[in-house]
>>> print(open('my_file.txt').read())   # compact mmCIF, C-alpha atoms
# COMPACT_ATOMS: atom_id res chain seq x y z
CA MET I 62 104.41 143.98 146.29
CA LYS I 63 106.03 142.78 143.11
CA SER I 64 106.69 139.30 144.51
CA LYS I 65 103.11 139.12 145.75
CA THR I 66 101.81 140.03 142.27
CA ILE I 67 104.02 137.36 140.69
CA ALA I 68 102.83 134.77 143.22
CA ASN I 69 99.18 135.66 142.54
CA GLY I 70 99.82 135.39 138.80
CA ILE I 71 101.41 131.98 139.21
CA LEU I 72 98.52 130.78 141.39
CA ARG I 73 96.00 132.13 138.88
CA ALA I 74 97.79 130.38 136.01
CA VAL I 75 97.91 127.10 137.96
CA ALA I 76 94.21 127.43 138.78
CA ILE I 77 93.36 128.06 135.11
CA ILE I 78 95.45 125.10 133.94
CA THR I 79 93.91 122.89 136.61
CA GLY I 80 90.43 124.02 135.61
CA ILE I 81 91.12 123.28 131.95
CA CYS I 82 92.48 119.83 132.80
CA LEU I 83 89.44 119.06 134.95
CA LEU I 84 87.13 120.27 132.17
CA LEU I 85 88.90 118.08 129.59
CA TYR I 86 88.75 115.10 131.95
CA PHE I 87 85.04 115.74 132.55
CA LEU I 88 84.38 115.93 128.79
CA TYR I 89 86.35 112.71 128.32
CA ARG I 90 84.27 110.93 130.93
CA ILE I 91 80.96 112.04 129.35
CA GLN I 92 82.07 111.48 125.75
CA SER I 93 79.20 109.06 125.15
CA VAL I 94 76.69 111.73 126.23
CA ILE I 95 78.34 114.26 123.92
CA LEU I 96 78.07 111.72 121.09
CA TYR I 97 74.35 111.24 121.85
CA ILE I 98 73.84 115.02 121.74
CA VAL I 99 75.73 115.38 118.44
CA ILE I 100 73.73 112.57 116.82
CA SER I 101 70.51 114.05 118.19
CA VAL I 102 71.39 117.45 116.74
CA ILE I 103 71.96 115.83 113.32
CA ILE I 104 68.64 113.96 113.58
CA SER I 105 66.82 117.15 114.58
CA LEU I 106 68.36 118.97 111.60
CA ILE I 107 67.21 116.19 109.26
CA GLY I 108 63.69 116.13 110.75
CA ARG I 109 63.34 119.92 111.02
CA PRO I 110 61.97 120.49 107.46
CA LEU I 111 59.33 117.77 107.96
CA VAL I 112 58.22 119.27 111.28
CA ILE I 113 57.95 122.71 109.66
CA PHE I 114 55.98 121.22 106.74
CA LEU I 115 53.53 119.45 109.07
CA ARG I 116 53.08 122.60 111.17
CA ARG I 117 52.66 125.12 108.37
CA ARG I 118 51.02 123.17 105.56
CA LEU I 119 48.99 120.52 107.39
CA LYS I 120 48.34 122.70 110.47
CA PHE I 121 49.60 120.08 112.93
CA HIS I 122 50.20 121.07 116.52
CA ASN I 123 53.93 121.34 117.22
CA THR I 124 54.02 118.32 119.54
CA LEU I 125 51.99 116.17 117.13
CA ALA I 126 54.24 117.18 114.23
CA VAL I 127 57.32 116.18 116.23
CA VAL I 128 55.76 112.84 117.28
CA VAL I 129 54.81 112.00 113.67
CA THR I 130 58.31 112.95 112.48
CA MET I 131 59.98 110.84 115.16
CA ILE I 132 57.74 107.84 114.42
CA LEU I 133 58.59 108.06 110.71
CA MET I 134 62.32 108.34 111.38
CA VAL I 135 62.35 105.48 113.90
CA THR I 136 60.29 103.31 111.53
CA VAL I 137 62.73 103.93 108.68
CA THR I 138 65.72 103.22 110.96
CA LEU I 139 64.24 99.98 112.28
CA GLY I 140 63.30 98.99 108.75
CA LEU I 141 66.89 99.46 107.60
CA LEU I 142 68.18 97.48 110.58
CA GLY I 143 65.61 94.80 109.76
CA LEU I 144 67.31 94.30 106.41
CA PHE I 145 70.22 92.69 108.24
CA ILE I 146 68.13 90.12 110.12
CA PRO I 147 67.76 87.68 107.19
CA LEU I 148 71.49 87.98 106.48
CA ILE I 149 72.39 87.30 110.14
CA ILE I 150 70.02 84.31 110.30
CA GLU I 151 71.40 82.91 107.06
CA GLN I 152 75.00 83.33 108.18
CA GLY I 153 74.13 81.73 111.51
CA LYS I 154 72.75 78.69 109.72
CA ASN I 155 75.82 78.54 107.51
CA LEU I 156 78.11 78.64 110.55
CA SER I 157 76.13 75.97 112.38
CA LEU I 158 76.37 73.67 109.37
CA LEU I 159 79.90 74.68 108.42
CA ASP I 160 82.19 71.87 107.30
CA ILE I 161 85.74 73.13 107.86
CA ASP I 162 87.32 70.49 105.64
CA ASN I 163 84.87 71.26 102.85
CA LEU I 164 85.57 74.98 103.22
CA LYS I 165 89.31 74.34 102.89
CA THR I 166 88.73 72.27 99.77
CA THR I 167 86.52 74.97 98.26
CA LEU I 168 89.06 77.72 98.93
CA GLN I 169 91.86 75.60 97.50
CA ASP I 170 89.78 74.93 94.40
CA VAL I 171 89.06 78.65 93.93
CA TYR I 172 92.75 79.40 94.35
CA ARG I 173 93.65 76.76 91.77
CA GLN I 174 91.16 78.16 89.27
CA VAL I 175 92.40 81.73 89.80
CA SER I 176 96.00 80.61 89.35
CA GLU I 177 95.19 78.77 86.14
CA TYR I 178 93.03 81.58 84.74
CA PHE I 179 95.61 84.32 85.34
CA ALA I 180 98.59 82.02 84.64
CA ILE I 181 100.06 82.63 88.09
CA SER I 182 102.71 80.26 89.36
CA ARG I 183 101.22 78.35 92.26
CA PHE I 184 104.60 77.77 93.82
CA GLU I 185 105.12 81.50 94.45
CA VAL I 186 102.43 81.71 97.10
CA GLU I 187 101.74 78.05 97.86
CA GLU I 188 103.55 78.13 101.18
CA SER I 189 101.66 81.18 102.46
CA ILE I 190 98.31 79.74 101.34
CA GLU I 191 98.97 76.44 103.11
CA GLU I 192 99.97 78.27 106.25
CA SER I 193 96.74 80.33 106.15
CA ILE I 194 94.66 77.18 105.68
CA LYS I 195 96.40 75.50 108.59
CA LYS I 196 95.57 78.49 110.76
CA SER I 197 91.91 77.93 109.93
CA ASN I 198 92.11 74.87 112.22
CA VAL I 199 91.63 77.37 115.04
CA ILE I 200 87.96 77.51 114.03
CA SER I 201 87.52 73.83 114.76
CA ASN I 202 89.49 73.98 118.02
CA LEU I 203 87.70 76.86 119.72
CA ASP I 204 87.69 76.78 123.49
CA LEU I 205 84.07 76.24 124.50
CA SER I 206 84.73 78.04 127.78
CA ALA I 207 84.91 81.30 125.80
CA ILE I 208 81.25 81.00 124.76
CA PRO I 209 79.80 82.48 128.02
CA ASN I 210 82.20 85.43 127.74
CA LEU I 211 81.14 85.94 124.12
CA LEU I 212 77.47 85.84 125.11
CA ASN I 213 78.10 88.34 127.92
CA PHE I 214 79.88 90.62 125.47
CA ILE I 215 76.98 90.42 123.00
CA MET I 216 74.38 91.05 125.70
CA GLY I 217 76.41 93.98 127.03
CA GLY I 218 76.69 95.41 123.53
CA LEU I 219 72.94 95.07 122.99
CA GLY I 220 72.30 96.76 126.33
CA ASN I 221 74.57 99.69 125.48
CA PHE I 222 73.02 99.99 122.02
CA SER I 223 69.49 99.99 123.46
CA PHE I 224 70.39 102.63 126.05
CA GLY I 225 72.09 104.81 123.43
CA PHE I 226 69.24 104.35 120.94
CA PHE I 227 66.52 105.42 123.37
CA SER I 228 68.68 108.24 124.75
CA ILE I 229 69.12 109.63 121.24
CA ILE I 230 65.36 109.35 120.56
CA PHE I 231 64.58 111.15 123.83
CA ILE I 232 67.06 113.99 123.22
CA SER I 233 66.08 114.32 119.55
CA PHE I 234 62.41 114.63 120.50
CA PHE I 235 63.03 117.65 122.68
CA PHE I 236 65.44 119.23 120.19
CA LEU I 237 62.69 118.97 117.55
CA LYS I 238 59.92 120.03 119.94
CA ASP I 239 61.83 123.09 121.13
CA SER I 240 64.09 124.16 118.29
CA LYS I 241 65.65 126.82 120.52
CA LEU I 242 66.63 124.41 123.30
CA PHE I 243 70.14 123.77 121.98
CA GLN I 244 70.41 127.40 120.91
CA ASN I 245 69.51 128.72 124.38
CA GLY I 246 71.99 126.35 125.99
CA LEU I 247 74.74 127.65 123.72
CA LEU I 248 73.86 131.30 124.39
CA MET I 249 74.64 130.84 128.09
CA PHE I 250 78.33 130.90 127.12
CA ILE I 251 78.05 133.88 124.73
CA PRO I 252 78.54 137.52 125.84
CA THR I 253 75.32 139.56 125.77
CA ASP I 254 76.58 142.03 123.17
CA LYS I 255 77.29 139.15 120.73
CA GLU I 256 73.99 137.31 121.14
CA THR I 257 72.23 138.90 118.14
CA ARG I 258 74.98 137.99 115.70
CA VAL I 259 75.24 134.49 117.16
CA LEU I 260 71.47 133.97 116.76
CA VAL I 261 71.63 135.05 113.10
CA SER I 262 74.58 132.69 112.53
CA LEU I 263 72.81 129.77 114.22
CA GLU I 264 69.70 130.19 112.05
CA LYS I 265 71.81 130.18 108.88
CA ILE I 266 73.82 127.19 110.08
CA LYS I 267 70.68 125.21 110.95
CA ASP I 268 69.18 125.94 107.54
CA LEU I 269 72.32 125.01 105.59
CA LEU I 270 73.12 121.89 107.61
CA SER I 271 69.49 120.69 107.44
CA ARG I 272 69.66 120.87 103.67
CA TYR I 273 73.09 119.23 103.69
CA PHE I 274 72.09 116.23 105.82
CA ILE I 275 68.87 115.75 103.85
CA GLY I 276 71.00 115.86 100.71
CA LEU I 277 73.22 113.13 102.16
CA VAL I 278 70.17 110.96 102.86
CA LEU I 279 69.06 111.49 99.26
CA GLN I 280 72.57 110.67 98.03
CA ILE I 281 72.63 107.40 99.99
CA PHE I 282 69.15 106.53 98.71
CA ILE I 283 70.16 107.10 95.06
CA LEU I 284 73.24 104.89 95.46
CA PHE I 285 71.18 102.28 97.31
CA VAL I 286 68.69 102.10 94.44
CA ILE I 287 71.45 101.86 91.81
CA TYR I 288 73.41 99.18 93.69
CA THR I 289 70.24 97.19 94.45
CA ILE I 290 69.20 97.18 90.79
CA VAL I 291 72.69 96.06 89.70
CA LEU I 292 72.89 93.27 92.28
CA LEU I 293 69.35 92.06 91.60
CA ILE I 294 69.97 91.96 87.84
CA PHE I 295 72.89 89.59 88.38
CA ARG I 296 71.06 87.66 91.12
CA ILE I 297 73.53 88.34 93.90
CA PRO I 298 72.36 86.92 97.28
CA ASN I 299 71.32 89.50 99.93
CA ALA I 300 71.36 92.25 97.29
CA MET I 301 69.56 94.90 99.38
CA VAL I 302 71.78 94.43 102.43
CA ILE I 303 74.99 94.65 100.38
CA ALA I 304 73.65 97.70 98.51
CA PHE I 305 72.75 99.48 101.75
CA LEU I 306 76.15 98.78 103.35
CA CYS I 307 78.06 100.03 100.31
CA ALA I 308 75.84 103.12 99.96
CA LEU I 309 76.28 103.91 103.66
CA LEU I 310 80.07 103.65 103.35
CA ASN I 311 79.88 106.44 100.76
CA LEU I 312 79.42 108.86 103.68
CA ILE I 313 83.19 108.57 104.22
CA PRO I 314 84.65 110.77 101.47
CA TYR I 315 86.99 109.11 98.97
CA ILE I 316 87.95 106.20 101.26
CA GLY I 317 84.36 105.00 101.75
CA PRO I 318 83.62 104.26 98.07
CA LEU I 319 86.88 102.30 97.79
CA ILE I 320 85.98 100.17 100.82
CA GLY I 321 82.43 99.79 99.50
CA GLY I 322 83.67 98.55 96.12
CA ILE I 323 85.98 95.97 97.69
CA LEU I 324 83.19 94.86 100.05
CA MET I 325 80.69 94.50 97.22
CA ILE I 326 83.07 92.39 95.12
CA ALA I 327 84.05 90.25 98.13
CA LEU I 328 80.43 89.57 99.13
CA THR I 329 79.53 88.85 95.52
CA LEU I 330 82.30 86.25 95.24
CA SER I 331 81.46 84.74 98.64
CA GLY I 332 77.92 84.12 97.45
CA TYR I 333 79.22 81.85 94.68
CA LEU I 334 81.91 79.86 96.47
CA GLY I 335 82.15 76.44 94.88
CA SER I 336 81.10 77.67 91.43
CA ASP I 337 83.42 77.71 88.44
CA PHE I 338 85.71 80.74 88.62
CA SER I 339 86.09 81.58 84.91
CA SER I 340 82.46 81.07 83.88
CA VAL I 341 80.57 82.21 87.00
CA MET I 342 82.60 84.04 89.67
CA LEU I 343 84.77 86.27 87.48
CA PRO I 344 81.95 87.45 85.14
CA LYS I 345 79.71 88.19 88.13
CA ALA I 346 82.48 90.20 89.80
CA ILE I 347 83.21 92.17 86.60
CA TYR I 348 79.54 93.00 85.96
CA VAL I 349 79.01 94.07 89.57
CA LEU I 350 82.17 96.20 89.44
CA ILE I 351 80.92 97.93 86.28
CA GLY I 352 77.58 98.61 87.96
CA PHE I 353 79.37 99.95 91.04
CA LEU I 354 81.50 102.28 88.90
CA ILE I 355 78.40 103.55 87.07
CA GLY I 356 76.84 104.35 90.45
CA GLN I 357 79.99 106.20 91.52
CA LEU I 358 80.07 108.20 88.27
CA ILE I 359 76.45 109.26 88.78
CA ASP I 360 77.24 110.17 92.38
CA ASN I 361 80.43 112.10 91.61
CA PHE I 362 79.18 114.04 88.59
CA PHE I 363 75.51 114.59 89.49
CA SER I 364 74.54 113.85 93.12
CA GLN I 365 77.48 115.37 94.99
CA PRO I 366 77.80 118.61 92.96
CA LEU I 367 74.05 119.16 93.30
CA ILE I 368 74.17 118.61 97.07
CA TYR I 369 77.17 120.86 97.63
CA SER I 370 75.96 123.67 95.38
CA SER I 371 72.39 123.74 96.68
CA SER I 372 72.94 122.97 100.37
CA VAL I 373 76.27 124.28 101.66
CA ARG I 374 76.74 126.65 98.70
CA SER I 375 80.40 125.86 98.18
CA HIS I 376 82.31 125.08 95.01
CA PRO I 377 83.15 121.35 94.53
CA LEU I 378 86.89 122.18 94.27
CA GLU I 379 86.65 124.13 97.52
CA ILE I 380 84.97 121.15 99.20
CA PHE I 381 87.57 118.76 97.77
CA LEU I 382 90.45 120.78 99.23
CA VAL I 383 88.72 121.13 102.61
CA ILE I 384 88.11 117.37 102.86
CA ILE I 385 91.70 116.52 101.87
CA ILE I 386 93.19 118.98 104.38
CA ALA I 387 90.87 117.77 107.17
CA GLY I 388 91.80 114.17 106.34
CA LEU I 389 95.53 114.90 106.51
CA ILE I 390 95.17 116.64 109.87
CA PHE I 391 92.44 114.63 111.63
CA GLY I 392 92.22 111.40 109.61
CA VAL I 393 88.97 109.74 108.53
CA PHE I 394 86.96 111.44 111.29
CA GLY I 395 88.12 114.81 109.97
CA MET I 396 86.98 113.92 106.47
CA VAL I 397 83.50 113.03 107.74
CA ILE I 398 82.95 116.26 109.69
CA ALA I 399 84.89 118.53 107.29
CA ILE I 400 81.92 119.89 105.32
CA PRO I 401 79.57 120.63 108.29
CA ALA I 402 82.43 122.24 110.26
CA TYR I 403 83.59 124.28 107.26
CA THR I 404 80.05 125.44 106.51
CA ALA I 405 79.47 126.53 110.11
CA SER I 406 82.85 128.33 110.14
CA LYS I 407 81.98 130.24 106.95
CA VAL I 408 78.66 131.41 108.38
CA ILE I 409 80.29 132.60 111.62
CA LEU I 410 83.12 134.35 109.75
CA LYS I 411 80.65 136.13 107.48
CA GLU I 412 78.67 137.37 110.44
CA PHE I 413 81.64 138.60 112.49
CA LEU I 414 84.27 139.41 109.84
CA SER I 415 82.14 140.38 106.87
CA GLU I 416 84.46 143.23 105.85
CA ASN I 417 87.53 141.03 105.52
CA LYS I 418 88.49 140.56 101.86
CA ILE I 419 89.26 136.84 102.17
CA VAL I 420 86.09 136.15 104.16
CA LYS I 421 84.03 138.15 101.67
CA SER I 422 85.43 136.07 98.81
CA LEU I 423 84.78 132.73 100.54
CA THR I 424 81.27 133.61 101.69
CA ARG I 425 79.94 135.47 98.66
CA ASN I 426 77.36 132.72 97.97
CA LEU I 427 76.01 132.52 101.53
>>> encode(input="my_file.txt", output="structure tokens")
Amino acid sequence: MKSKTIANGILRAVAIITGICLLLYFLYRIQSVILYIVISVIISLIGRPLVIFLRRRLKFHNTLAVVVTMILMVTVTLGLLGLFIPLIIEQGKNLSLLDIDNLKTTLQDVYRQVSEYFAISRFEVEESIEESIKKSNVISNLDLSAIPNLLNFIMGGLGNFSFGFFSIIFISFFFLKDSKLFQNGLLMFIPTDKETRVLVSLEKIKDLLSRYFIGLVLQIFILFVIYTIVLLIFRIPNAMVIAFLCALLNLIPYIGPLIGGILMIALTLSGYLGSDFSSVMLPKAIYVLIGFLIGQLIDNFFSQPLIYSSSVRSHPLEIFLVIIIAGLIFGVFGMVIAIPAYTASKVILKEFLSENKIVKSLTRNL
């Protein structure tokens, strides 16, 4: 009897492990669908306040409110994507008319001016610069047979993007139309005696995360306006596109602003290749950097604290520590999802462990 019990236990353990492995493999295979669902949930949380406003204040029918909300969101998205079309067309023209020898000469001239301005010995890095310039000959010796493969790759990418885009719109529409659709799907895995507490937690999480994501949109918009004004004042080419890219990078905590600053300076300098370094390029870069830093100061001392205090109701120091810890454990992805995950965890802990002293202290503002 004992050996039979042991054998049954071993078989049960093997079955459980096999089931877990199959489940993980299944989730891995449908990772794109999971990504579509996650993005759709975020979109539905952002659009939720507008749907509620249209329903309650303007007396729209639920379906009409959702359709209007989706049209507005898609229009804004396509409008933002449309900002990149002039830049792509311009860069395409530049590439089609690109003179490799002239580009080499221009880069060498910029390097000479930088060396002279900062009193850097040219011989220290001359060899590496020459080697880099020689490698640029690859541009002029591209294998034309690779062009069909490149076109196939681009067309495949466009096809995947189109499929993903319309899938997200479709899923988001039904999440907005039936706000309990995702909730009911989640409740299938929750024991009956826990359903009430889970429903309360989900309502709080939806409210907090809706305010958080709307706050992020507002944060990006404020930075976009600041960066655009700065770049337009100094007549930087493609100012709105550069401003939008750098503002969007701010979604990545701490690392994003650093990348955005480097990108803004690099694109500013690239717009004035061939100009005098000391009288044109360097002043432009310094002024743009000052404008970028002003935008970051406004964001760090006004926008972010306001968003965190009013949306997720957490102290800025608390958020800082959470983001750093998530970044150390899960990398950049962890830093991006740290605040939503932490907020959801706090709501769940308050609902199920409200008597715990530590939980009570962390969730006193919820």
>>> residues_around(input="my_file.txt", residues="I:Leu279", least_positions_apart="2", cutoff="12 Å", atoms="all atoms listed in the file", output="list in words")
Ile107, Arg272, Tyr273, Phe274, Ile275, Gly276, Leu277, Ile281, Phe282, Ile283, Leu284, Phe285, Val286, Ala308, Leu309, Leu312, Asp360, Ser364, Gln365, Leu367 and Ile368 of chain I
>>> closest_residue(input="my_file.txt", among="I:His376, I:Arg425, I:Lys345, I:Lys267", to="I:Pro401", atoms="only C-alpha atoms")
I:Lys267
>>> closest_residue(input="my_file.txt", among="I:Leu319, I:Leu328, I:Ile385, I:Ala74", to="I:Leu354", atoms="only C-alpha atoms")
I:Leu319
>>> residues_around(input="my_file.txt", residues="I:Leu237", least_positions_apart="6", cutoff="8 Å", atoms="only C-alpha atoms", output="mmCIF file with C-alpha atoms, keeping the file's coordinate frame")
data_model
loop_
_atom_site.group_PDB
_atom_site.id
_atom_site.type_symbol
_atom_site.label_atom_id
_atom_site.label_comp_id
_atom_site.auth_asym_id
_atom_site.auth_seq_id
_atom_site.Cartn_x
_atom_site.Cartn_y
_atom_site.Cartn_z
ATOM 1 C CA SER I 105 66.820 117.150 114.580
ATOM 2 C CA GLY I 108 63.690 116.130 110.750
ATOM 3 C CA ARG I 109 63.340 119.920 111.020
ATOM 4 C CA VAL I 112 58.220 119.270 111.280
ATOM 5 C CA VAL I 127 57.320 116.180 116.230
#
>>> atom_distance(input="my_file.txt", atom1="atom CA of I:Ile229", atom2="atom CA of I:Ser101")
5.5 Å
>>> closest_residue(input="my_file.txt", among="I:Phe226, I:Glu416, I:Gln280, I:Phe235", to="I:Leu139", atoms="only C-alpha atoms")
I:Phe226
>>> atom_distance(input="my_file.txt", atom1="atom CA of I:Ile400", atom2="atom CA of I:Leu310")
16.5 Å
>>> atom_distance(input="my_file.txt", atom1="atom CA of I:Gly352", atom2="atom CA of I:Pro314")
19.5 Å
>>> axis_aligned_box(input="my_file.txt", around="stretch 344-356 of chain I", padding_each_side="3 Å", output="lines of an AutoDock Vina configuration file")
center_x = 80.0
center_y = 95.9
center_z = 88.1
size_x = 12.4
size_y = 22.9
size_z = 11.9
>>> decode(input="my_file.txt", residues="stretch 294-309 of chain I", atoms="N, CA and C atoms", output="mmCIF file, in the first residue's frame")
data_model
loop_
_atom_site.group_PDB
_atom_site.id
_atom_site.type_symbol
_atom_site.label_atom_id
_atom_site.label_comp_id
_atom_site.auth_asym_id
_atom_site.auth_seq_id
_atom_site.Cartn_x
_atom_site.Cartn_y
_atom_site.Cartn_z
ATOM 1 N N ILE I 294 12.311 77.241 -31.499
ATOM 2 C CA ILE I 294 12.984 78.516 -31.229
ATOM 3 C C ILE I 294 14.355 78.552 -31.898
ATOM 4 N N PHE I 295 15.058 77.414 -31.847
ATOM 5 C CA PHE I 295 16.402 77.362 -32.421
ATOM 6 C C PHE I 295 16.415 76.774 -33.830
ATOM 7 N N ARG I 296 15.220 76.655 -34.420
ATOM 8 C CA ARG I 296 15.063 76.273 -35.829
ATOM 9 C C ARG I 296 15.745 74.941 -36.154
ATOM 10 N N ILE I 297 15.478 73.965 -35.316
ATOM 11 C CA ILE I 297 16.011 72.621 -35.553
ATOM 12 C C ILE I 297 15.093 71.901 -36.544
ATOM 13 N N PRO I 298 15.632 71.290 -37.593
ATOM 14 C CA PRO I 298 14.790 70.566 -38.561
ATOM 15 C C PRO I 298 14.019 69.418 -37.901
ATOM 16 N N ASN I 299 12.797 69.168 -38.378
ATOM 17 C CA ASN I 299 11.935 68.086 -37.879
ATOM 18 C C ASN I 299 11.738 68.186 -36.362
ATOM 19 N N ALA I 300 11.450 69.400 -35.892
ATOM 20 C CA ALA I 300 11.366 69.664 -34.456
ATOM 21 C C ALA I 300 10.300 68.810 -33.773
ATOM 22 N N MET I 301 9.110 68.692 -34.384
ATOM 23 C CA MET I 301 8.006 67.982 -33.736
ATOM 24 C C MET I 301 8.285 66.484 -33.631
ATOM 25 N N VAL I 302 8.906 65.920 -34.649
ATOM 26 C CA VAL I 302 9.228 64.489 -34.630
ATOM 27 C C VAL I 302 10.253 64.190 -33.547
ATOM 28 N N ILE I 303 11.307 65.003 -33.479
ATOM 29 C CA ILE I 303 12.350 64.812 -32.460
ATOM 30 C C ILE I 303 11.751 64.980 -31.067
ATOM 31 N N ALA I 304 10.895 65.997 -30.900
ATOM 32 C CA ALA I 304 10.279 66.252 -29.596
ATOM 33 C C ALA I 304 9.409 65.077 -29.163
ATOM 34 N N PHE I 305 8.633 64.521 -30.113
ATOM 35 C CA PHE I 305 7.763 63.401 -29.773
ATOM 36 C C PHE I 305 8.573 62.165 -29.393
ATOM 37 N N LEU I 306 9.628 61.864 -30.147
ATOM 38 C CA LEU I 306 10.475 60.710 -29.838
ATOM 39 C C LEU I 306 11.085 60.828 -28.447
ATOM 40 N N CYS I 307 11.630 62.000 -28.139
ATOM 41 C CA CYS I 307 12.298 62.198 -26.850
ATOM 42 C C CYS I 307 11.291 62.188 -25.699
ATOM 43 N N ALA I 308 10.090 62.733 -25.932
ATOM 44 C CA ALA I 308 9.057 62.696 -24.895
ATOM 45 C C ALA I 308 8.575 61.272 -24.655
ATOM 46 N N LEU I 309 8.456 60.493 -25.736
ATOM 47 C CA LEU I 309 8.005 59.109 -25.619
ATOM 48 C C LEU I 309 9.027 58.260 -24.862
#
